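Engineer: Structure incoming, see below.
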Amino acid sequence: MRRAALALLAALWAGTAAAQVPPPTPALTADLSTDRVEISTGFTGASVLVFGATENLIGPASGEDVLVVATGPSQPTVVRRKVNVLGFWVNGPAATFPEVPGFYAIAATRPVWELLPEDTRRASRLGLDALPLRATGSQAPAFRAALLDLKQQDRRWQEYAAPVTVAGGRLFSARVAFPDTVQTGDYRIEVLLLRERRIVARQELFLRVERVGTAASIAHVARTAPLLYGVGCVLLAALAGWLGSVLFRRS
Amino acid sequence: MQVYLPIAEMSVDALLLLGIGFGVGWLSGLFGVGGGFLLTPLLILIGIPSPVAVASGANQTLGASVSGLIAQWRRDNVDARMGVVLLAGGIVGSALGVQLFALLRRAGQVDLAVAVFYVVVLGTVGLLMVRESVRAILRRRRTGSAAAARAHEHTWLHGLPFKIRFRKSRLYISIVPPLLIGFGIGVLSAVMGVGGGFMLVPAMIYLLGMPTSVVIGTSLFQVVFVSANVTLLQALQVGSVDIVLTLLLLAGGVAGAQFGAAMGTKLRGEETRALLGLLVLSVALGLLWDLVRAPENLFAIGPVP
């Protein structure tokens with residue numbers, strides 16, 4: 001009984017508190033230059049512009065910072081360590097990371113570890129060191145380090161690779177660069193506004209990476225009708241060989 | 001000019017692929033082999049994932065061999081009966097080889113297996129070819145003429161049952177040895193992504209005693225069908241044939257093969273075999289070096305198979 005009354009009081013208080021706040025001008029607005037990245041036959045990677053504006057000035061004067069995080073679909077990854085067996089280097093122990101993002105990029109006006117306490121970073125997965133990288137198989141920390149290292153080498157994971165630039169104190173923009181090995185699927189881009197070691201506003205944007213045109217049809221047929229695709233490959237190669245023998249006939 | 005490979009899921013320089021195709025085609029025209037044993041390692045070297053390199057290499061070999069087979073067929077240099085017997089073994093062998101490949105892929109050892117197969121097979125074939133051809137060259141120097149082949153030497157091979165007559169090869173032998181040879185080469189071609197011409201040609205000459213004139217045409221006959229089978233099975237079971245990659249390689253390859261073939265007619269048989277042997281041997285040594293030297297990075301990442 002007492003507990004219910006307390007809950008009612010709390011609800012009433014919350015309601016009046018909300019009513020006192022003036023109709024909000026958004027603290028943060030952001031958008032993407034495109035919501036689709038198309039992989040066509042000439043694809044060599046793509047870069048997407050994330051841009052927006054804040055209500056207050058960004059920078060050390062106001063203590064506000066902007067953070068942009070792009071996360072791709074989950075891509076289970078195996079890390080293998082080579083071992084020397086009788087003089088030959090062979091794949092030895094392995095660690096499987098069942099849930100790691102295939103793509104991850106973070107950019108900010110200041111490095112995130114200066115802006116947020118560790119538990120917030122871990123909860124919102126901000127920063128490569130805050131990603132929950134759980135492994136099955138070998139648990140040695142070297143596998144985790146190798147995963148971080150190799151993913152960054154092939155640019156699938158990026159930490160402050162590109163800056164968040166600020167113009168006129170309020171307009172910000174950042175580029176997210178996708179390498180040519182980018183996975184298809186849905187990507188989530190989060191834009192966060194930070195003040196006094198807290199997240200004060202966030203906006204989620206979505207981006208789709210998909211194959212289009214010939215590349216799309218080839219991959220689609222290869223996956224859904226492998227027999228048809230195989231026969232097609234055999235016939236096309238034979239045709240190309242026959243064409244070659246006709247074109248370059250020397251007798 | 002960059003082009004995106006839809007199955008390999010990466011983009012590569014189209015001119016580089018055309019160039020590789022041309023170079024390998026040139027060598028294969030010169031030596032009368034498919035060139036897959038050079039192509040697959042080269043593709044892996046430029047960063048194509050091994051499953052895609054093996055499967056697309058087989059597909060490219062198919063196209064290149066069709067081109068050569070047509071030329072040989074016109075000259076009546078194909079022993080179709082021998083080809084069919086080799087093929088019967090080859091189809092079974094390549095079906096088994098694709099299963100083996102899928103198994104290795106799941107075990108995470110496919111890179112190692114492909115490399116070891118290459119080193120062992122290429123090393124053996126290369127050594128045998130160099131040894132034989134150097135002997136032949138020395139013998140010619142000494143006697144002043146090419147020594148007669150050791151034709152019709154009777155070995156235990158001739159005591160086997162199920163003998164049939166191969167008219168074009170001028171042979172009357174059991175079908176067991178060609179079946180076994182076809183089978184073994186079928187397994188190897190599935191795992192290595194090669195047609196097997198470089199193994200089949202010496203096997204037909206030295207093991208079966210076929211006359212050199214029909215060997216290349218007959219080997220191409222077998223290679224066309226085995227590589228077609230490998231392509232089909234790889235597409236079905238592993239899903240790693242990249243047709244864009246194949247066609248780019250073929251475009252360079254069929255042109256290169258013609259230049260190579262024109263040059264090949266100027267070389268003597270033993271010299272050609274010695275050069276091919278050296279080439280095969282150097283590929284084997286290069287791959288062996290890759291296996292034994294300390295890797296730059298002990299760790300490698302890949303998708304979960």
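By order of appearance in the structure tokens: chains A, B, ..., then residues from 1 within every chain, and ligands from 1 in the order shown.
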Restrict the calculation to only C-alpha atoms, then for each residue of chain B with any atom at most 8 Å from an atom of chain A give the closest atom pair and their distance in Å to one decimal, rows by chain and rising residue number, as JSON lines.

Structural biologist:
```
{"residue": "B:Gln2", "atom": "CA", "partner": "A:Gly42", "partner_atom": "CA", "distance": 6.2}
{"residue": "B:Val3", "atom": "CA", "partner": "A:Gly42", "partner_atom": "CA", "distance": 4.9}
{"residue": "B:Tyr4", "atom": "CA", "partner": "A:Thr41", "partner_atom": "CA", "distance": 4.8}
{"residue": "B:Leu5", "atom": "CA", "partner": "A:Thr41", "partner_atom": "CA", "distance": 7.3}
{"residue": "B:Pro6", "atom": "CA", "partner": "A:Ala215", "partner_atom": "CA", "distance": 5.1}
{"residue": "B:Ile7", "atom": "CA", "partner": "A:Ala219", "partner_atom": "CA", "distance": 6.1}
{"residue": "B:Glu9", "atom": "CA", "partner": "A:Thr181", "partner_atom": "CA", "distance": 5.8}
{"residue": "B:Met10", "atom": "CA", "partner": "A:Thr181", "partner_atom": "CA", "distance": 4.9}
{"residue": "B:Ser11", "atom": "CA", "partner": "A:Thr44", "partner_atom": "CA", "distance": 5.9}
{"residue": "B:Asn59", "atom": "CA", "partner": "A:Ala237", "partner_atom": "CA", "distance": 6.6}
{"residue": "B:Gln60", "atom": "CA", "partner": "A:Ala237", "partner_atom": "CA", "distance": 6.6}
{"residue": "B:Leu62", "atom": "CA", "partner": "A:Ala237", "partner_atom": "CA", "distance": 6.4}
{"residue": "B:Gly63", "atom": "CA", "partner": "A:Gly241", "partner_atom": "CA", "distance": 4.4}
{"residue": "B:Ala64", "atom": "CA", "partner": "A:Gly241", "partner_atom": "CA", "distance": 5.4}
{"residue": "B:Ser65", "atom": "CA", "partner": "A:Gly241", "partner_atom": "CA", "distance": 7.2}
{"residue": "B:Val66", "atom": "CA", "partner": "A:Gly241", "partner_atom": "CA", "distance": 5.3}
{"residue": "B:Ser67", "atom": "CA", "partner": "A:Gly241", "partner_atom": "CA", "distance": 4.4}
{"residue": "B:Gly68", "atom": "CA", "partner": "A:Ser245", "partner_atom": "CA", "distance": 7.3}
{"residue": "B:Ile70", "atom": "CA", "partner": "A:Ser245", "partner_atom": "CA", "distance": 7.2}
{"residue": "B:Ala71", "atom": "CA", "partner": "A:Ser245", "partner_atom": "CA", "distance": 7.2}
{"residue": "B:Gly108", "atom": "CA", "partner": "A:Asn91", "partner_atom": "CA", "distance": 7.4}
{"residue": "B:Gln109", "atom": "CA", "partner": "A:Asn91", "partner_atom": "CA", "distance": 6.5}
{"residue": "B:Leu112", "atom": "CA", "partner": "A:Val90", "partner_atom": "CA", "distance": 6.3}
{"residue": "B:Ala228", "atom": "CA", "partner": "A:Val234", "partner_atom": "CA", "distance": 5.7}
{"residue": "B:Thr231", "atom": "CA", "partner": "A:Gly230", "partner_atom": "CA", "distance": 6.4}
{"residue": "B:Leu232", "atom": "CA", "partner": "A:Gly230", "partner_atom": "CA", "distance": 4.6}
{"residue": "B:Leu233", "atom": "CA", "partner": "A:Gly230", "partner_atom": "CA", "distance": 7.6}
{"residue": "B:Gln234", "atom": "CA", "partner": "A:Gly230", "partner_atom": "CA", "distance": 7.9}
{"residue": "B:Ala235", "atom": "CA", "partner": "A:Gly230", "partner_atom": "CA", "distance": 5.1}
{"residue": "B:Leu236", "atom": "CA", "partner": "A:Pro226", "partner_atom": "CA", "distance": 5.1}
{"residue": "B:Gly239", "atom": "CA", "partner": "A:Ala222", "partner_atom": "CA", "distance": 6.7}
{"residue": "B:Val241", "atom": "CA", "partner": "A:Gly230", "partner_atom": "CA", "distance": 7.8}
{"residue": "B:Ile243", "atom": "CA", "partner": "A:Cys233", "partner_atom": "CA", "distance": 6.1}
{"residue": "B:Thr246", "atom": "CA", "partner": "A:Ala237", "partner_atom": "CA", "distance": 7.5}
{"residue": "B:Leu247", "atom": "CA", "partner": "A:Ala237", "partner_atom": "CA", "distance": 6.9}
{"residue": "B:Leu250", "atom": "CA", "partner": "A:Ala240", "partner_atom": "CA", "distance": 7.0}
{"residue": "B:Ala251", "atom": "CA", "partner": "A:Ala240", "partner_atom": "CA", "distance": 7.6}
{"residue": "B:Val254", "atom": "CA", "partner": "A:Gly244", "partner_atom": "CA", "distance": 5.3}
{"residue": "B:Ala255", "atom": "CA", "partner": "A:Phe248", "partner_atom": "CA", "distance": 6.9}
{"residue": "B:Gln258", "atom": "CA", "partner": "A:Phe248", "partner_atom": "CA", "distance": 6.6}
{"residue": "B:Leu291", "atom": "CA", "partner": "A:Phe88", "partner_atom": "CA", "distance": 5.5}
{"residue": "B:Val292", "atom": "CA", "partner": "A:Phe88", "partner_atom": "CA", "distance": 4.8}
{"residue": "B:Arg293", "atom": "CA", "partner": "A:Trp89", "partner_atom": "CA", "distance": 7.7}
{"residue": "B:Ala294", "atom": "CA", "partner": "A:Trp89", "partner_atom": "CA", "distance": 7.4}
{"residue": "B:Pro295", "atom": "CA", "partner": "A:Trp89", "partner_atom": "CA", "distance": 7.6}
{"residue": "B:Leu298", "atom": "CA", "partner": "A:Lys82", "partner_atom": "CA", "distance": 5.1}
{"residue": "B:Phe299", "atom": "CA", "partner": "A:Arg81", "partner_atom": "CA", "distance": 4.5}
{"residue": "B:Ala300", "atom": "CA", "partner": "A:Arg80", "partner_atom": "CA", "distance": 5.3}
{"residue": "B:Ile301", "atom": "CA", "partner": "A:Val79", "partner_atom": "CA", "distance": 4.5}
{"residue": "B:Gly302", "atom": "CA", "partner": "A:Val78", "partner_atom": "CA", "distance": 5.3}
{"residue": "B:Pro303", "atom": "CA", "partner": "A:Thr77", "partner_atom": "CA", "distance": 4.7}
{"residue": "B:Val304", "atom": "CA", "partner": "A:Thr77", "partner_atom": "CA", "distance": 5.3}
```

Engineer: Find, counting only C-alpha atoms, the residue in B:Ala102, B:Val78, B:Val191, B:Ile216 that gets nearest to Val121 of chain B.

Structural biologist: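 Between B:Ala102, B:Val78, B:Val191, B:Ile216, the residue approaching Val121 of chain B most closely is B:Val191.
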
Engineer: Env of Arg175 of chain A: 9 Å cut, atoms = only C-alpha atoms, seq-sep filter 6 positions within chain, self excluded. Answer as an mmCIF file with C-alpha atoms, in the first residue's frame.

Structural biologist:
```
data_model
loop_
_atom_site.group_PDB
_atom_site.id
_atom_site.type_symbol
_atom_site.label_atom_id
_atom_site.label_comp_id
_atom_site.auth_asym_id
_atom_site.auth_seq_id
_atom_site.Cartn_x
_atom_site.Cartn_y
_atom_site.Cartn_z
ATOM 1 C CA SER A 47 33.053 6.896 -48.013
ATOM 2 C CA VAL A 48 29.940 8.274 -46.402
ATOM 3 C CA LEU A 49 29.673 11.718 -44.870
ATOM 4 C CA VAL A 50 28.022 12.028 -41.468
ATOM 5 C CA PHE A 51 27.055 15.631 -40.767
ATOM 6 C CA ALA A 107 35.520 9.184 -34.692
ATOM 7 C CA ALA A 162 39.303 10.327 -39.681
ATOM 8 C CA PRO A 163 38.552 13.365 -37.536
ATOM 9 C CA VAL A 164 35.214 14.925 -36.672
#
```

Engineer: Ranking B:Val201, B:Val280, B:Met210, B:Ile44 by minimum distance to Ala115 of chain B and counting only C-alpha atoms, which one comes first?

Structural biologist: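 Smallest distance to Ala115 of chain B is found for B:Ile44.
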
Engineer: So which residues of segment 20-246 of chain A fall under strand (DSSP E) by DSSP, listed as a compact mmCIF listing (two decimals) with N, CA and C atoms, in the first residue's frame?

Structural biologist:
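out-v3.txt, written as the output of this step:
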```txt
# COMPACT_ATOMS: atom_id res chain seq x y z
N LEU A 28 20.81 18.00 -30.78
CA LEU A 28 21.67 17.39 -31.79
C LEU A 28 20.81 16.97 -32.98
N THR A 29 21.26 17.30 -34.20
CA THR A 29 20.61 16.80 -35.41
C THR A 29 21.71 16.30 -36.34
N ALA A 30 21.50 15.14 -36.92
CA ALA A 30 22.53 14.61 -37.81
C ALA A 30 21.89 13.85 -38.94
N ASP A 31 22.64 13.70 -40.04
CA ASP A 31 22.17 12.93 -41.18
C ASP A 31 23.36 12.38 -41.94
N LEU A 32 23.05 11.52 -42.92
CA LEU A 32 24.11 10.91 -43.74
C LEU A 32 24.01 11.44 -45.16
N ARG A 36 22.55 4.54 -48.72
CA ARG A 36 22.84 3.31 -49.44
C ARG A 36 24.26 3.35 -49.98
N VAL A 37 25.02 2.29 -49.74
CA VAL A 37 26.31 2.15 -50.39
C VAL A 37 26.16 1.01 -51.38
N GLU A 38 26.40 1.29 -52.65
CA GLU A 38 26.18 0.28 -53.68
C GLU A 38 27.49 -0.33 -54.12
N ILE A 39 27.55 -1.65 -54.08
CA ILE A 39 28.73 -2.35 -54.58
C ILE A 39 28.44 -2.76 -56.00
N ALA A 46 34.05 2.89 -50.42
CA ALA A 46 33.18 4.06 -50.46
C ALA A 46 33.35 4.84 -49.18
N SER A 47 33.01 6.12 -49.24
CA SER A 47 33.05 6.90 -48.01
C SER A 47 31.75 7.65 -47.88
N VAL A 48 31.24 7.66 -46.67
CA VAL A 48 29.94 8.27 -46.40
C VAL A 48 30.17 9.43 -45.44
N LEU A 49 29.52 10.54 -45.72
CA LEU A 49 29.67 11.72 -44.87
C LEU A 49 28.56 11.74 -43.82
N VAL A 50 28.99 11.85 -42.56
CA VAL A 50 28.02 12.03 -41.47
C VAL A 50 28.11 13.49 -41.08
N PHE A 51 26.98 14.21 -41.08
CA PHE A 51 27.06 15.63 -40.77
C PHE A 51 25.87 16.02 -39.90
N GLY A 52 26.00 17.17 -39.28
CA GLY A 52 24.90 17.61 -38.44
C GLY A 52 25.25 18.89 -37.71
N ALA A 53 24.34 19.27 -36.80
CA ALA A 53 24.55 20.50 -36.05
C ALA A 53 24.12 20.29 -34.61
N THR A 54 24.70 21.07 -33.71
CA THR A 54 24.31 21.01 -32.31
C THR A 54 23.72 22.34 -31.89
N GLU A 64 31.28 20.55 -24.74
CA GLU A 64 30.50 19.57 -25.50
C GLU A 64 31.36 18.92 -26.57
N ASP A 65 31.18 17.62 -26.77
CA ASP A 65 31.93 16.90 -27.79
C ASP A 65 30.97 16.03 -28.60
N VAL A 66 31.37 15.77 -29.85
CA VAL A 66 30.55 14.95 -30.74
C VAL A 66 31.31 13.67 -31.05
N LEU A 67 30.56 12.58 -31.06
CA LEU A 67 31.15 11.27 -31.28
C LEU A 67 30.34 10.57 -32.38
N VAL A 68 31.03 9.94 -33.32
CA VAL A 68 30.34 9.21 -34.39
C VAL A 68 30.85 7.76 -34.38
N VAL A 69 29.91 6.82 -34.29
CA VAL A 69 30.28 5.40 -34.28
C VAL A 69 29.51 4.68 -35.36
N ALA A 70 30.21 3.95 -36.22
CA ALA A 70 29.55 3.14 -37.25
C ALA A 70 29.80 1.68 -36.94
N THR A 71 28.74 0.89 -36.94
CA THR A 71 28.86 -0.54 -36.63
C THR A 71 28.21 -1.35 -37.74
N THR A 77 34.36 -14.49 -36.43
CA THR A 77 35.74 -14.47 -36.95
C THR A 77 36.60 -15.47 -36.19
N VAL A 78 37.47 -16.14 -36.93
CA VAL A 78 38.42 -17.06 -36.30
C VAL A 78 39.80 -16.42 -36.34
N VAL A 79 40.50 -16.48 -35.23
CA VAL A 79 41.90 -16.06 -35.21
C VAL A 79 42.74 -17.32 -35.04
N ARG A 80 43.65 -17.54 -35.97
CA ARG A 80 44.50 -18.72 -35.88
C ARG A 80 45.94 -18.29 -35.66
N ARG A 81 46.62 -19.11 -34.86
CA ARG A 81 48.02 -18.83 -34.61
C ARG A 81 48.84 -19.88 -35.32
N LYS A 82 49.86 -19.42 -36.01
CA LYS A 82 50.74 -20.38 -36.69
C LYS A 82 51.74 -20.94 -35.69
N VAL A 83 51.98 -22.24 -35.81
CA VAL A 83 52.99 -22.87 -34.96
C VAL A 83 53.95 -23.63 -35.86
N ASN A 84 55.15 -23.80 -35.35
CA ASN A 84 56.16 -24.48 -36.14
C ASN A 84 56.15 -25.97 -35.80
N VAL A 85 55.82 -26.78 -36.81
CA VAL A 85 55.82 -28.24 -36.63
C VAL A 85 56.86 -28.81 -37.58
N PHE A 88 57.91 -26.64 -40.38
CA PHE A 88 56.88 -26.03 -41.22
C PHE A 88 55.96 -25.19 -40.36
N TRP A 89 55.52 -24.07 -40.92
CA TRP A 89 54.60 -23.21 -40.19
C TRP A 89 53.17 -23.61 -40.56
N VAL A 90 52.45 -24.15 -39.59
CA VAL A 90 51.09 -24.59 -39.85
C VAL A 90 50.13 -23.88 -38.89
N ASN A 91 48.85 -23.86 -39.26
CA ASN A 91 47.84 -23.26 -38.40
C ASN A 91 47.67 -24.10 -37.15
N GLY A 92 47.87 -23.48 -36.01
CA GLY A 92 47.78 -24.21 -34.75
C GLY A 92 46.53 -23.84 -33.99
N PRO A 93 46.64 -23.45 -32.71
CA PRO A 93 45.46 -23.15 -31.92
C PRO A 93 44.67 -21.98 -32.50
N ALA A 94 43.37 -22.01 -32.26
CA ALA A 94 42.50 -20.98 -32.81
C ALA A 94 41.53 -20.49 -31.75
N ALA A 95 41.10 -19.24 -31.88
CA ALA A 95 40.05 -18.70 -31.03
C ALA A 95 38.95 -18.20 -31.94
N THR A 96 37.71 -18.56 -31.62
CA THR A 96 36.58 -18.11 -32.43
C THR A 96 35.86 -17.00 -31.68
N PHE A 97 35.66 -15.90 -32.37
CA PHE A 97 34.91 -14.79 -31.80
C PHE A 97 33.55 -14.77 -32.49
N TYR A 104 33.65 -1.59 -37.85
CA TYR A 104 33.48 -0.72 -36.70
C TYR A 104 34.38 0.50 -36.89
N ALA A 105 33.80 1.67 -36.84
CA ALA A 105 34.61 2.88 -36.96
C ALA A 105 34.13 3.88 -35.92
N ILE A 106 35.07 4.49 -35.24
CA ILE A 106 34.70 5.51 -34.27
C ILE A 106 35.51 6.77 -34.56
N ALA A 107 34.84 7.91 -34.50
CA ALA A 107 35.52 9.18 -34.69
C ALA A 107 34.93 10.15 -33.68
N ALA A 108 35.74 11.06 -33.19
CA ALA A 108 35.24 11.99 -32.17
C ALA A 108 36.08 13.26 -32.19
N THR A 136 35.52 -18.27 -28.00
CA THR A 136 35.50 -19.68 -27.66
C THR A 136 36.79 -20.27 -28.21
N GLY A 137 37.24 -21.34 -27.63
CA GLY A 137 38.53 -21.89 -28.03
C GLY A 137 39.61 -21.31 -27.16
N TRP A 157 38.20 -2.23 -38.99
CA TRP A 157 37.97 -1.54 -37.72
C TRP A 157 38.84 -0.30 -37.72
N GLN A 158 38.24 0.82 -37.39
CA GLN A 158 39.00 2.07 -37.42
C GLN A 158 38.74 2.85 -36.14
N GLU A 159 39.80 3.33 -35.57
CA GLU A 159 39.67 4.16 -34.38
C GLU A 159 40.33 5.50 -34.68
N VAL A 164 36.50 14.23 -36.58
CA VAL A 164 35.21 14.92 -36.67
C VAL A 164 35.58 16.40 -36.77
N THR A 165 35.25 17.01 -37.90
CA THR A 165 35.63 18.41 -38.05
C THR A 165 34.44 19.29 -37.69
N VAL A 166 34.74 20.42 -37.11
CA VAL A 166 33.70 21.34 -36.66
C VAL A 166 33.86 22.66 -37.39
N ALA A 167 32.76 23.15 -37.94
CA ALA A 167 32.79 24.45 -38.62
C ALA A 167 31.82 25.38 -37.92
N LEU A 171 28.46 23.26 -36.61
CA LEU A 171 28.31 22.27 -37.69
C LEU A 171 29.45 21.28 -37.61
N PHE A 172 29.10 20.02 -37.59
CA PHE A 172 30.16 19.02 -37.55
C PHE A 172 30.01 18.04 -38.71
N SER A 173 31.10 17.42 -39.09
CA SER A 173 31.04 16.38 -40.13
C SER A 173 32.17 15.40 -39.91
N ALA A 174 31.92 14.16 -40.33
CA ALA A 174 32.93 13.12 -40.24
C ALA A 174 32.73 12.17 -41.41
N ARG A 175 33.83 11.59 -41.87
CA ARG A 175 33.73 10.64 -42.98
C ARG A 175 33.92 9.23 -42.46
N VAL A 176 33.05 8.33 -42.90
CA VAL A 176 33.23 6.92 -42.58
C VAL A 176 33.66 6.24 -43.88
N ALA A 177 34.86 5.66 -43.88
CA ALA A 177 35.40 5.06 -45.10
C ALA A 177 35.24 3.55 -45.04
N PHE A 178 34.55 2.99 -46.04
CA PHE A 178 34.38 1.54 -46.12
C PHE A 178 35.40 0.97 -47.11
N GLY A 185 24.93 -5.59 -45.96
CA GLY A 185 24.04 -5.67 -44.80
C GLY A 185 23.68 -4.29 -44.28
N ASP A 186 23.07 -4.29 -43.09
CA ASP A 186 22.62 -3.03 -42.49
C ASP A 186 23.66 -2.51 -41.50
N TYR A 187 24.00 -1.25 -41.65
CA TYR A 187 24.98 -0.61 -40.79
C TYR A 187 24.27 0.43 -39.94
N ARG A 188 24.71 0.54 -38.69
CA ARG A 188 24.10 1.53 -37.80
C ARG A 188 25.13 2.59 -37.51
N ILE A 189 24.75 3.83 -37.69
CA ILE A 189 25.66 4.92 -37.38
C ILE A 189 25.04 5.75 -36.27
N GLU A 190 25.76 5.84 -35.16
CA GLU A 190 25.25 6.56 -34.00
C GLU A 190 26.03 7.86 -33.86
N VAL A 191 25.30 8.94 -33.65
CA VAL A 191 25.94 10.22 -33.38
C VAL A 191 25.59 10.60 -31.95
N LEU A 192 26.61 10.87 -31.14
CA LEU A 192 26.37 11.15 -29.72
C LEU A 192 26.88 12.54 -29.38
N LEU A 193 26.14 13.19 -28.49
CA LEU A 193 26.59 14.47 -27.96
C LEU A 193 26.96 14.24 -26.50
N LEU A 194 28.18 14.63 -26.13
CA LEU A 194 28.68 14.35 -24.79
C LEU A 194 28.96 15.65 -24.05
N ARG A 195 28.59 15.64 -22.76
CA ARG A 195 28.94 16.77 -21.91
C ARG A 195 29.16 16.26 -20.49
N ARG A 198 29.03 12.57 -19.69
CA ARG A 198 27.75 11.90 -19.87
C ARG A 198 27.31 12.02 -21.31
N ILE A 199 26.45 11.08 -21.73
CA ILE A 199 25.85 11.18 -23.06
C ILE A 199 24.58 12.00 -22.89
N VAL A 200 24.49 13.17 -23.53
CA VAL A 200 23.32 14.02 -23.34
C VAL A 200 22.33 13.90 -24.49
N ALA A 201 22.79 13.48 -25.65
CA ALA A 201 21.85 13.28 -26.75
C ALA A 201 22.44 12.27 -27.70
N ARG A 202 21.55 11.50 -28.34
CA ARG A 202 22.07 10.56 -29.34
C ARG A 202 21.08 10.43 -30.46
N GLN A 203 21.61 10.18 -31.65
CA GLN A 203 20.75 9.96 -32.81
C GLN A 203 21.28 8.76 -33.56
N GLU A 204 20.36 7.88 -33.97
CA GLU A 204 20.75 6.69 -34.71
C GLU A 204 20.40 6.88 -36.17
N LEU A 205 21.34 6.53 -37.03
CA LEU A 205 21.10 6.62 -38.47
C LEU A 205 21.39 5.25 -39.06
N PHE A 206 20.73 4.94 -40.16
CA PHE A 206 20.94 3.61 -40.75
C PHE A 206 21.40 3.71 -42.19
N LEU A 207 22.20 2.71 -42.54
CA LEU A 207 22.85 2.71 -43.84
C LEU A 207 22.81 1.29 -44.34
N ARG A 208 22.53 1.11 -45.61
CA ARG A 208 22.48 -0.23 -46.16
C ARG A 208 23.59 -0.38 -47.19
N VAL A 209 24.38 -1.46 -47.05
CA VAL A 209 25.41 -1.74 -48.04
C VAL A 209 24.93 -2.93 -48.84
N GLU A 210 24.80 -2.74 -50.15
CA GLU A 210 24.31 -3.88 -50.94
C GLU A 210 24.97 -3.91 -52.31
N ARG A 211 25.01 -5.10 -52.86
CA ARG A 211 25.53 -5.27 -54.20
C ARG A 211 24.44 -4.85 -55.18
```

Engineer: Which neighbours of segment 46-58 of chain B fall inside 7 Å, counting only C-alpha atoms, when residues of the same chain fewer than 4 positions from it are skipped, and could you give them as a PDB file with C-alpha atoms, in the first residue's frame?

Structural biologist:
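The file below, part-v7.pdb, is the result:
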```
ATOM      1  CA  ALA B   8      35.941 -13.195 -53.697  1.00  0.00           C
ATOM      2  CA  GLY B  36      46.849 -24.084 -63.455  1.00  0.00           C
ATOM      3  CA  LEU B  39      47.981 -19.690 -61.818  1.00  0.00           C
ATOM      4  CA  THR B  40      46.532 -20.805 -58.488  1.00  0.00           C
ATOM      5  CA  LEU B  42      49.862 -16.544 -58.266  1.00  0.00           C
ATOM      6  CA  LEU B  62      38.813 -25.518 -68.438  1.00  0.00           C
ATOM      7  CA  ASP B 111      46.047 -23.170 -46.964  1.00  0.00           C
ATOM      8  CA  MET B 192      45.093 -27.949 -56.138  1.00  0.00           C
ATOM      9  CA  GLY B 193      42.742 -26.255 -58.609  1.00  0.00           C
ATOM     10  CA  VAL B 194      44.731 -27.508 -61.576  1.00  0.00           C
ATOM     11  CA  GLY B 195      43.753 -29.547 -64.613  1.00  0.00           C
ATOM     12  CA  SER B 227      38.234 -29.311 -64.731  1.00  0.00           C
ATOM     13  CA  VAL B 230      35.823 -29.699 -60.486  1.00  0.00           C
ATOM     14  CA  THR B 231      34.276 -26.346 -61.394  1.00  0.00           C
ATOM     15  CA  GLN B 234      33.294 -26.506 -56.264  1.00  0.00           C
ATOM     16  CA  SER B 240      33.769 -20.323 -54.509  1.00  0.00           C
ATOM     17  CA  VAL B 241      33.942 -20.075 -58.309  1.00  0.00           C
ATOM     18  CA  ASP B 242      34.332 -16.421 -59.299  1.00  0.00           C
ATOM     19  CA  LEU B 245      37.931 -13.587 -62.150  1.00  0.00           C
ATOM     20  CA  THR B 246      37.852 -16.574 -64.519  1.00  0.00           C
TER      21      THR B 246
END
```

Engineer: Which residues are close to Leu160 of chain B, i.e. within 8 Å by only C-alpha atoms, leaving aside same-chain residues fewer than 6 positions away? Reply as a PyMOL selection string.

Structural biologist: chain B and resi 173-174+176

Engineer: Give me, as an MDAnalysis selection string, all polymer residues having an atom no more than 9 Å from Ser28 of chain B, counting only C-alpha atoms and skipping those fewer than 6 positions away in the same chain.

Structural biologist: chainID B and resid 34:36 64 253 256:257 260:261

Engineer: With only C-alpha atoms as the counted atoms, please give the residues lying no more than 12 Å from Pro117 of chain A, apart from itself and same-chain residues fewer than 2 positions off, as a PyMOL selection string.

Structural biologist: chain A and resi 112-115+119-127+130+194-199

Engineer: Just give me the gap between atom CA of Arg170 of chain B and atom CA of Thr61 of chain B in Å, one decimal is fine.

Structural biologist: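 Atom-to-atom, atom CA of Arg170 of chain B to atom CA of Thr61 of chain B, that is 28.5 Å.
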
Engineer: May I have all residues of segment 9-91 of chain B that DSSP, computed from the backbone, assigns to alpha helix (DSSP H), given as a ChimeraX atom specification?

Structural biologist: /B:14-31,36-45,50-74,80-91

Engineer: Go through A:Ala161, A:Val212, A:Leu128, A:Ala135 one by one, measure the shortest atom-to-atom distance of each to Glu99 of chain A using only C-alpha atoms, and give the residue with the smallest value.

Structural biologist: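 Between A:Ala161, A:Val212, A:Leu128, A:Ala135, the residue approaching Glu99 of chain A most closely is A:Ala135.
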
Engineer: Any idea what the distance is between atom CA of Asn77 of chain B and atom CA of Val214 of chain B?

Structural biologist: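 Distance reported for this atom pair: 4.7 Å.
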
Engineer: For Leu285 of chain B, which of B:Tyr172, B:Gly25, B:Leu45, B:Gly126 is the closest residue, counting only C-alpha atoms?

Structural biologist: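 Residue with the minimum atom-to-atom distance to Leu285 of chain B: B:Gly126.
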